[in-house]
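Worksheet: the structure to be examined is printed underneath.
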Amino acid sequence: LGLRTYAHPVLFRLGSLCILATSFLVGYFLTGLWWVGMLCAVSWFFLPWLEILFRVRQIRLPAKSTLEYRRPPSPEVVPALQVLTEQLQEEEGFERADDAGWEWRDQQQFLRLFYKPDERLQAAICVVQQGGFGFYYVSFFSRLDDGTTFVTWNYPFAYSMKMAPEMKVNRLRGNVSLYEMLSSHRALLSRAGISPERLRTSTPEQMLADIEGDMEGQIAHNLKEGLLLPDGEGTVRYSWRGCFYIWWQVLRELLRVR
C-alpha cells in the first residue's frame with residue numbers, strides 16, 4: 001500500500017504485485033493448497049462487484065443538472081479549499097469567478113470557478129460529498145468554438161462513465177502540484193497545436209453553462225453507448241453493460257502504472 005502512494009510507475013506496479021502476492025501467501029499458508037492461494041489473489045479482481053451489485057445498481061442520476069449558487073463547505077470539512085484558492089489566485093494569476101453546485105438526494109457537489117484571461121483558461125475546484133464520505137479535485141479547461149474541450153484534472157478514482165468524444169482528458173495523479181498540473185495542461189495544448197488565440201473567451205455565466213453542458217453531454221453520450229438507461233422521470237441508471245464498464249475501470253485503476 002505504501003508503494004502505491006508513489007507516482008513512480010515501477011514502484012506503483014510493485015505495490016500492486018505485492019498485494020496480490022501477499023494475498024496468495026495468506027491463502028496458501030493457511031490451507032497448504034496452492035489453488036486457495038490463487039483464489040485469494042484473484043478475489044481482488046472480483047471484490048468491486050460487491051459494491052456494484054449492492055450500491056451502483058441502486059443509483060439513480062439526474063439526466064439534467066442545474067448549477068446554482070452554493071455556499072462553500074466549512075474550512076473544517078475541506079481545509080484544502082482555501083489553500084488551493086490562494087494558490088490559484090496569488091501564485092498562478094487566476095481570477096475567482098463564482099461558487100456554484102448542485103444537490104441530488106444524498107450527494108452534494110460544490111464548484112469554485114476561476115478564469116485566467118490571458119490564457120483563456122478556466123479552472124474549477126470541485127468538492128464532492130456523499131453521506132459521510134467526501135473528496136476534492138482540481139480541473140483546468142480550455143475550450144474551442146467547435147465544442148472541443150481540453151481537460152486536465154486529478155480526479156482521484158476510476159471514472160465511472162465514458163467521456164464524450166469532444167472531451168480530451170489528461171488525467172494526473174492526486175499528489176501533483178497546481179504548477180505541475182498547469183504545465184501538463186499547457187503541454188497538452190501544445191501537442192494539439194492550440195494557441196491561446198484559438199481558444200474561446202469566457203465569463204462566469206458562460207462557465208456555468210459550459211459545465212452544465214459538459215454534464216448533459218456526458219449523460220447523453222453514455223446513454224448512446226448503452227452504459228446508462230432512462231429510468232423514470234428525468235433520471236438515468238447504470239445498465240449491466242455500464243456495471244461491467246465500471247468493473248473494468250476499477251481493474252485498470254488497480255493495475256495502472258501512470
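Ordering of the C-alpha cells sets the chain letters (A, B, ...); residue numbers start at 1 within each chain; ligands are numbered from 1 in the order shown.
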Requested in this report: If you run DSSP over the backbone, which residues in stretch 125-200 of chain A end up alpha helix (DSSP H)? Put them as a ChimeraX atom specification.
Outcome: /A:178-191
Query raised in the report: Within 10 Å of A:Asp118, counting only C-alpha atoms, which residues qualify if same-chain residues fewer than 4 places away don't, as JSON, numbers by chain?
Result: {"A": [93, 94, 196, 197, 201]}
Emit the selected residues as a tab-separated table (two decimals), in the first residue's frame, including all heavy atoms.
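Generated output (part-v9.tsv):
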```tsv
chain	number	residue	atom	x	y	z
A	93	GLY	N	-2.16	33.39	-10.90
A	93	GLY	CA	-2.76	34.53	-11.60
A	93	GLY	C	-4.18	34.34	-12.07
A	93	GLY	O	-4.63	35.04	-12.99
A	94	PHE	N	-4.95	33.44	-11.46
A	94	PHE	CA	-6.36	33.25	-11.83
A	94	PHE	C	-7.24	34.27	-11.12
A	94	PHE	O	-6.93	34.71	-10.00
A	94	PHE	CB	-6.82	31.84	-11.48
A	94	PHE	CG	-6.40	30.79	-12.47
A	94	PHE	CD1	-5.13	30.25	-12.42
A	94	PHE	CD2	-7.27	30.35	-13.45
A	94	PHE	CE1	-4.73	29.27	-13.33
A	94	PHE	CE2	-6.89	29.37	-14.35
A	94	PHE	CZ	-5.61	28.84	-14.30
A	196	PRO	N	-3.37	30.17	-27.32
A	196	PRO	CA	-4.44	30.86	-26.59
A	196	PRO	C	-5.39	31.64	-27.48
A	196	PRO	O	-6.58	31.77	-27.18
A	196	PRO	CB	-3.67	31.78	-25.64
A	196	PRO	CG	-2.35	31.10	-25.42
A	196	PRO	CD	-2.04	30.45	-26.73
A	197	GLU	N	-4.87	32.16	-28.61
A	197	GLU	CA	-5.71	32.96	-29.51
A	197	GLU	C	-6.84	32.13	-30.13
A	197	GLU	O	-7.87	32.68	-30.53
A	197	GLU	CB	-4.86	33.59	-30.61
A	197	GLU	CG	-3.86	34.63	-30.12
A	197	GLU	CD	-2.67	34.02	-29.40
A	197	GLU	OE1	-2.38	32.80	-29.65
A	197	GLU	OE2	-2.04	34.72	-28.59
A	201	THR	N	-13.11	32.79	-25.42
A	201	THR	CA	-13.15	33.57	-24.18
A	201	THR	C	-14.38	33.17	-23.37
A	201	THR	O	-15.28	32.49	-23.87
A	201	THR	CB	-13.19	35.07	-24.48
A	201	THR	OG1	-14.33	35.36	-25.29
A	201	THR	CG2	-11.93	35.51	-25.23
```
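One distance worth recording is that between atom CA of A:Pro62 and atom CA of A:Asp106, which is 12.7 Å.
Straight-line separation from atom CA of A:Leu53 to atom CA of A:Thr22: 26.7 Å.
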Requested in this report: Show which residues sit within 12 Å of A:Arg105, as JSON, numbers by chain. Count only C-alpha atoms, and ignore same-chain residues fewer than 2 positions away.
Outcome: {"A": [59, 60, 61, 62, 102, 103, 107, 108, 109, 129, 130, 131]}
Skipping near chain neighbours, those fewer than 6 positions away, what residues fall within 8 Å of A:Tyr115 using only C-alpha atoms, listed as a PDB file with C-alpha atoms, in the first residue's frame?
```
ATOM      1  CA  PHE A  94      -6.356  33.255 -11.833  1.00  0.00           C
ATOM      2  CA  GLU A  95      -9.369  35.439 -11.138  1.00  0.00           C
ATOM      3  CA  ARG A  96     -12.094  33.991  -8.926  1.00  0.00           C
ATOM      4  CA  ALA A  97     -15.327  33.756 -10.926  1.00  0.00           C
ATOM      5  CA  LEU A 121      -8.144  29.163 -19.273  1.00  0.00           C
ATOM      6  CA  GLN A 122     -10.906  28.001 -16.934  1.00  0.00           C
ATOM      7  CA  ALA A 123     -10.286  26.236 -13.615  1.00  0.00           C
ATOM      8  CA  SER A 202     -15.490  33.157 -21.242  1.00  0.00           C
TER       9      SER A 202
END
```
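Residue neighbourhood of stretch 231-233 of chain A, excluding near-sequence residues (fewer than 3 positions): Arg57, Gln58, Ile59, Arg60, Leu61, Pro62, Ala63, Lys64, Leu223, Leu228, Val236, Arg237, Tyr238 and Ser239 of chain A, at 12 Å, using only C-alpha atoms.
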Report task. Write out as a list in words the residues lying within 9 Å of A:Thr148, counting only C-alpha atoms and excluding same-chain residues fewer than 3 positions away. Result -> Ser142, Arg143, Leu144, Asp145, Pro165, Glu166, Met167 and Lys168 of chain A
Query raised in the report: What are the DSSP strand (DSSP E or B) residues of stretch 13-238 of chain A, as number ranges by chain?
Result: A: 61-62, 68, 95-104, 107-116, 121-130, 133-143, 149-153, 167-171, 228-230, 235-238
Using only C-alpha atoms, find each residue of stretch 37-119 of chain A with at least one atom at most 8 Å away from an atom of stretch 246-252 of chain A; report its shortest atom-to-atom pair and that distance in Å (one decimal), sort the rows by chain and rising residue number, and return the result as a tab-separated table.
```
residue	atom	partner	partner_atom	distance
A:Phe45	CA	A:Leu251	CA	6.5
A:Pro48	CA	A:Trp247	CA	6.5
A:Trp49	CA	A:Trp247	CA	7.1
A:Ile52	CA	A:Trp247	CA	7.8
```
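A straight line drawn from atom CA of A:Val176 to atom CA of A:Gln87 is 13.5 Å long.
Compared by their closest atoms to A:Gly174, and using only C-alpha atoms, the residues A:Ser23, A:Thr5, A:Ser160, A:Thr149 rank with A:Thr5 nearest.
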**Report entry** Test item: residues at most 10 Å from A:Ser195, only C-alpha atoms, excluding those fewer than 6 positions along its chain, as a list in words
**Finding:** Glu119, Arg120, Arg186 and Leu189 of chain A
Query raised in the report: With only C-alpha atoms as the atoms that count, which of A:Val42, A:Val36, A:Ala100, A:Leu229 lies nearest to A:Leu20?
Result: A:Val42
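For the choices A:Ala80, A:Leu111, A:Met163, A:Leu39, the atom-to-atom distance to A:Glu68 is smallest for A:Leu111 when using only C-alpha atoms.
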Report summary line: Counting only C-alpha atoms, closest pick from A:Met161, A:Ala192, A:Leu88, A:Ala187 relative to A:Lys224 is A:Met161
